[in-house]
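Below is one structure, written out as structure tokens; comments come after it.
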Amino acid sequence: MSTAYLSHPDCRRHDMGAGHPECPQRLDAIEDWLIASGIGETLVRLEAEEVSMADVERAHTHGYVSEVAEVLQACAANGSHHAMDPDTVANPYTWAAALRAAGAAVQATRLVLDGTHENAFCAVRPPGHHATRDQTMGFCFFNNVAIAARYALDVRGLKRVAIVDFDVHHGNGTEDIIAGDDRVLMVSIFQDPLYPYSGAVPKGENMVNVPVPAYTRGGEVREMVEAMWLPALERFKPQMIFISAGFDAHRDDDLGQLGLVEADYEWLTLRIMDVAKAHAQGRVVSCLEGGYHLGALARSVGVHLRVMSGV
């Protein structure tokens, strides 16, 4: 089993300001844990490529992409900052980081579909699952997973792909992009109520949304996944699985109030990998989303990658 690990220095240079939870140190914490645990030695490390605008526009409107490009390129040219919304701020390096984050997801998809690697993890930022077809929000500029999923379908000719989202926040942007596309099944868990205060009523029949009350622990989440996700995935038989891998449902993370621990992320990854092995030739691309307690994030990514790499 070969697991590609894609990242890029540009992803660390994107910085939304002192005290912002979506900080460059998130990638540092993951890297430190991979070194200390030895897991990093089992991964094939690759530098993320830049995404093409044609690939971005498979998920976002042309007008939106042009607007974001204009603003972020101006920040790069002028050395300036720009608040896209109260939570989502661009600095001079955000354009490069956004291109690498989405590019990593597409590159990983290509490598896995080509059989170069069985699966891949994209250690990138900014994250993506709150970016809708035409709006930045929730720390997100481009929807990395949705872009990659549409690449697999529209360019590589797959008929069915699944998106699994276990971030504590509902992946409203991904839902907005793929709702009603019967080539995609999206299954998700998220705390409800919590930002972005959506998901309780799915936008399409290709969604299995599982709202979870605050203070729910891992055992109950596992029961929900077994009852709702897994049967839907088995019926759908995806040819590839994309993961919006947010680790902010961890009990130590202050941006949510769920009670997952590392063992729960290990279990979730095992179940996803079981489905991938049964129906998708093991093909999985996982992209980092949330996770803001640095220690919990690093440990949780560690177990996620341990399962993916089979070590």
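To be explicit about the labels: the chains of the structure tokens are called A, B, and onward in the order shown, and within each one the residues are counted from 1, while ligands get numbers from 1 in the order they are shown.
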DSSP on the backbone: what in region 13-184 of chain A comes out strand (DSSP E or B), as a list of chain:residue names?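 Here is the list: A:Val44, A:Arg45, A:Leu46, A:Glu47, A:His82, A:Ala83, A:Met84, A:Asp85, A:Thr88, A:Val89, A:Ala90, A:Asn119, A:Ala120, A:Phe121, A:Cys122, A:Met137, A:Cys140, A:Val161, A:Ala162, A:Ile163, A:Val164, A:Asp165, A:Val184.
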Could you write out the selected residues, including C-alpha atoms, as an mmCIF file, in the first residue's frame?
```
data_model
loop_
_atom_site.group_PDB
_atom_site.id
_atom_site.type_symbol
_atom_site.label_atom_id
_atom_site.label_comp_id
_atom_site.auth_asym_id
_atom_site.auth_seq_id
_atom_site.Cartn_x
_atom_site.Cartn_y
_atom_site.Cartn_z
ATOM 1 C CA VAL A 44 5.533 9.341 -0.260
ATOM 2 C CA ARG A 45 5.978 13.088 0.051
ATOM 3 C CA LEU A 46 5.104 15.269 -2.921
ATOM 4 C CA GLU A 47 4.931 19.009 -3.557
ATOM 5 C CA HIS A 82 -8.360 41.785 2.419
ATOM 6 C CA ALA A 83 -11.255 40.504 4.507
ATOM 7 C CA MET A 84 -13.526 38.448 2.254
ATOM 8 C CA ASP A 85 -15.905 38.100 5.223
ATOM 9 C CA THR A 88 -11.973 34.702 5.951
ATOM 10 C CA VAL A 89 -8.999 36.985 5.337
ATOM 11 C CA ALA A 90 -6.521 37.036 2.462
ATOM 12 C CA ASN A 119 -4.541 6.658 -1.685
ATOM 13 C CA ALA A 120 -3.441 10.165 -0.773
ATOM 14 C CA PHE A 121 -3.674 12.799 1.951
ATOM 15 C CA CYS A 122 -3.511 16.523 1.207
ATOM 16 C CA MET A 137 -16.908 31.669 3.870
ATOM 17 C CA CYS A 140 -12.469 28.730 2.689
ATOM 18 C CA VAL A 161 -17.861 9.067 -6.369
ATOM 19 C CA ALA A 162 -18.576 9.551 -2.684
ATOM 20 C CA ILE A 163 -17.647 12.476 -0.450
ATOM 21 C CA VAL A 164 -17.327 11.731 3.261
ATOM 22 C CA ASP A 165 -17.224 14.778 5.558
ATOM 23 C CA VAL A 184 -22.036 11.984 -6.166
#
```
Show me, as a PyMOL selection string, the residues that have an atom within 8 Å of region 268-273 of chain A when counting only C-alpha atoms, minus same-chain residues fewer than 2 positions from it. chain A and resi 222+264-266+275-277+282+284+304+307-308
Mind writing the picked residues with N, CA, C and O atoms as a PDB file, in the first residue's frame?
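Produced file result-v4.pdb, reproduced below:
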```
ATOM      1  N   ARG A 222     -20.427   6.557  16.181  1.00  0.00           N
ATOM      2  CA  ARG A 222     -20.198   5.308  15.450  1.00  0.00           C
ATOM      3  C   ARG A 222     -21.515   4.609  15.126  1.00  0.00           C
ATOM      4  O   ARG A 222     -21.691   4.073  14.022  1.00  0.00           O
ATOM      5  N   ASP A 264     -11.753   7.196  17.661  1.00  0.00           N
ATOM      6  CA  ASP A 264     -12.928   7.356  16.810  1.00  0.00           C
ATOM      7  C   ASP A 264     -12.520   7.705  15.381  1.00  0.00           C
ATOM      8  O   ASP A 264     -13.124   7.210  14.411  1.00  0.00           O
ATOM      9  N   TYR A 265     -11.504   8.550  15.216  1.00  0.00           N
ATOM     10  CA  TYR A 265     -11.018   8.860  13.873  1.00  0.00           C
ATOM     11  C   TYR A 265     -10.382   7.630  13.234  1.00  0.00           C
ATOM     12  O   TYR A 265     -10.503   7.420  12.012  1.00  0.00           O
ATOM     13  N   GLU A 266      -9.719   6.821  14.031  1.00  0.00           N
ATOM     14  CA  GLU A 266      -9.178   5.570  13.513  1.00  0.00           C
ATOM     15  C   GLU A 266     -10.313   4.676  13.007  1.00  0.00           C
ATOM     16  O   GLU A 266     -10.251   4.118  11.903  1.00  0.00           O
ATOM     17  N   VAL A 275     -15.043   0.364   2.737  1.00  0.00           N
ATOM     18  CA  VAL A 275     -15.918   0.628   1.587  1.00  0.00           C
ATOM     19  C   VAL A 275     -15.090   0.816   0.325  1.00  0.00           C
ATOM     20  O   VAL A 275     -15.428   0.301  -0.758  1.00  0.00           O
ATOM     21  N   ALA A 276     -13.980   1.553   0.447  1.00  0.00           N
ATOM     22  CA  ALA A 276     -13.125   1.791  -0.716  1.00  0.00           C
ATOM     23  C   ALA A 276     -12.542   0.487  -1.256  1.00  0.00           C
ATOM     24  O   ALA A 276     -12.468   0.280  -2.476  1.00  0.00           O
ATOM     25  N   LYS A 277     -12.139  -0.392  -0.369  1.00  0.00           N
ATOM     26  CA  LYS A 277     -11.583  -1.678  -0.823  1.00  0.00           C
ATOM     27  C   LYS A 277     -12.639  -2.546  -1.475  1.00  0.00           C
ATOM     28  O   LYS A 277     -12.362  -3.261  -2.444  1.00  0.00           O
ATOM     29  N   GLY A 282      -9.793   0.554  -3.447  1.00  0.00           N
ATOM     30  CA  GLY A 282      -9.027   1.205  -2.395  1.00  0.00           C
ATOM     31  C   GLY A 282      -8.736   2.665  -2.631  1.00  0.00           C
ATOM     32  O   GLY A 282      -7.970   3.282  -1.879  1.00  0.00           O
ATOM     33  N   VAL A 284      -8.796   6.360  -2.380  1.00  0.00           N
ATOM     34  CA  VAL A 284      -9.246   7.375  -1.429  1.00  0.00           C
ATOM     35  C   VAL A 284      -8.337   8.589  -1.546  1.00  0.00           C
ATOM     36  O   VAL A 284      -7.105   8.455  -1.573  1.00  0.00           O
ATOM     37  N   HIS A 304      -5.276   8.730  11.358  1.00  0.00           N
ATOM     38  CA  HIS A 304      -5.909   8.710  10.033  1.00  0.00           C
ATOM     39  C   HIS A 304      -4.917   8.196   8.998  1.00  0.00           C
ATOM     40  O   HIS A 304      -5.221   7.291   8.196  1.00  0.00           O
ATOM     41  N   VAL A 307      -3.901   4.406   9.381  1.00  0.00           N
ATOM     42  CA  VAL A 307      -4.851   3.487   8.758  1.00  0.00           C
ATOM     43  C   VAL A 307      -4.721   3.532   7.235  1.00  0.00           C
ATOM     44  O   VAL A 307      -4.675   2.490   6.568  1.00  0.00           O
ATOM     45  N   MET A 308      -4.646   4.720   6.667  1.00  0.00           N
ATOM     46  CA  MET A 308      -4.559   4.839   5.208  1.00  0.00           C
ATOM     47  C   MET A 308      -3.327   4.142   4.664  1.00  0.00           C
ATOM     48  O   MET A 308      -3.380   3.508   3.587  1.00  0.00           O
TER      49      MET A 308
END
```
List as a list in words the protein and nucleic acid residues near Val112 (chain A), meaning an atom at most 10 Å away when only C-alpha atoms are counted, but skip any in the same chain fewer than 3 places from it.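 Here the answer would be Ser2, Thr3, Ala4, Val106, Gln107, Ala108, Thr109, Gly115, Thr116, His117, Glu118, Asn119, Ala120, Met240, Gln281, Gly282, Arg283, Val284 and Val285 of chain A.
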Between A:Arg26, A:Lys159, A:Arg58, A:His279, which one has atoms that come closest to Ala123 (chain A), using only C-alpha atoms? A:Arg26
Looking at only C-alpha atoms, which of A:Ala131, A:Ala29, A:Ala232, A:Ala101 is the one that sits closest to Leu185 (chain A)?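 Selected residue with least distance to Leu185 (chain A): A:Ala232.
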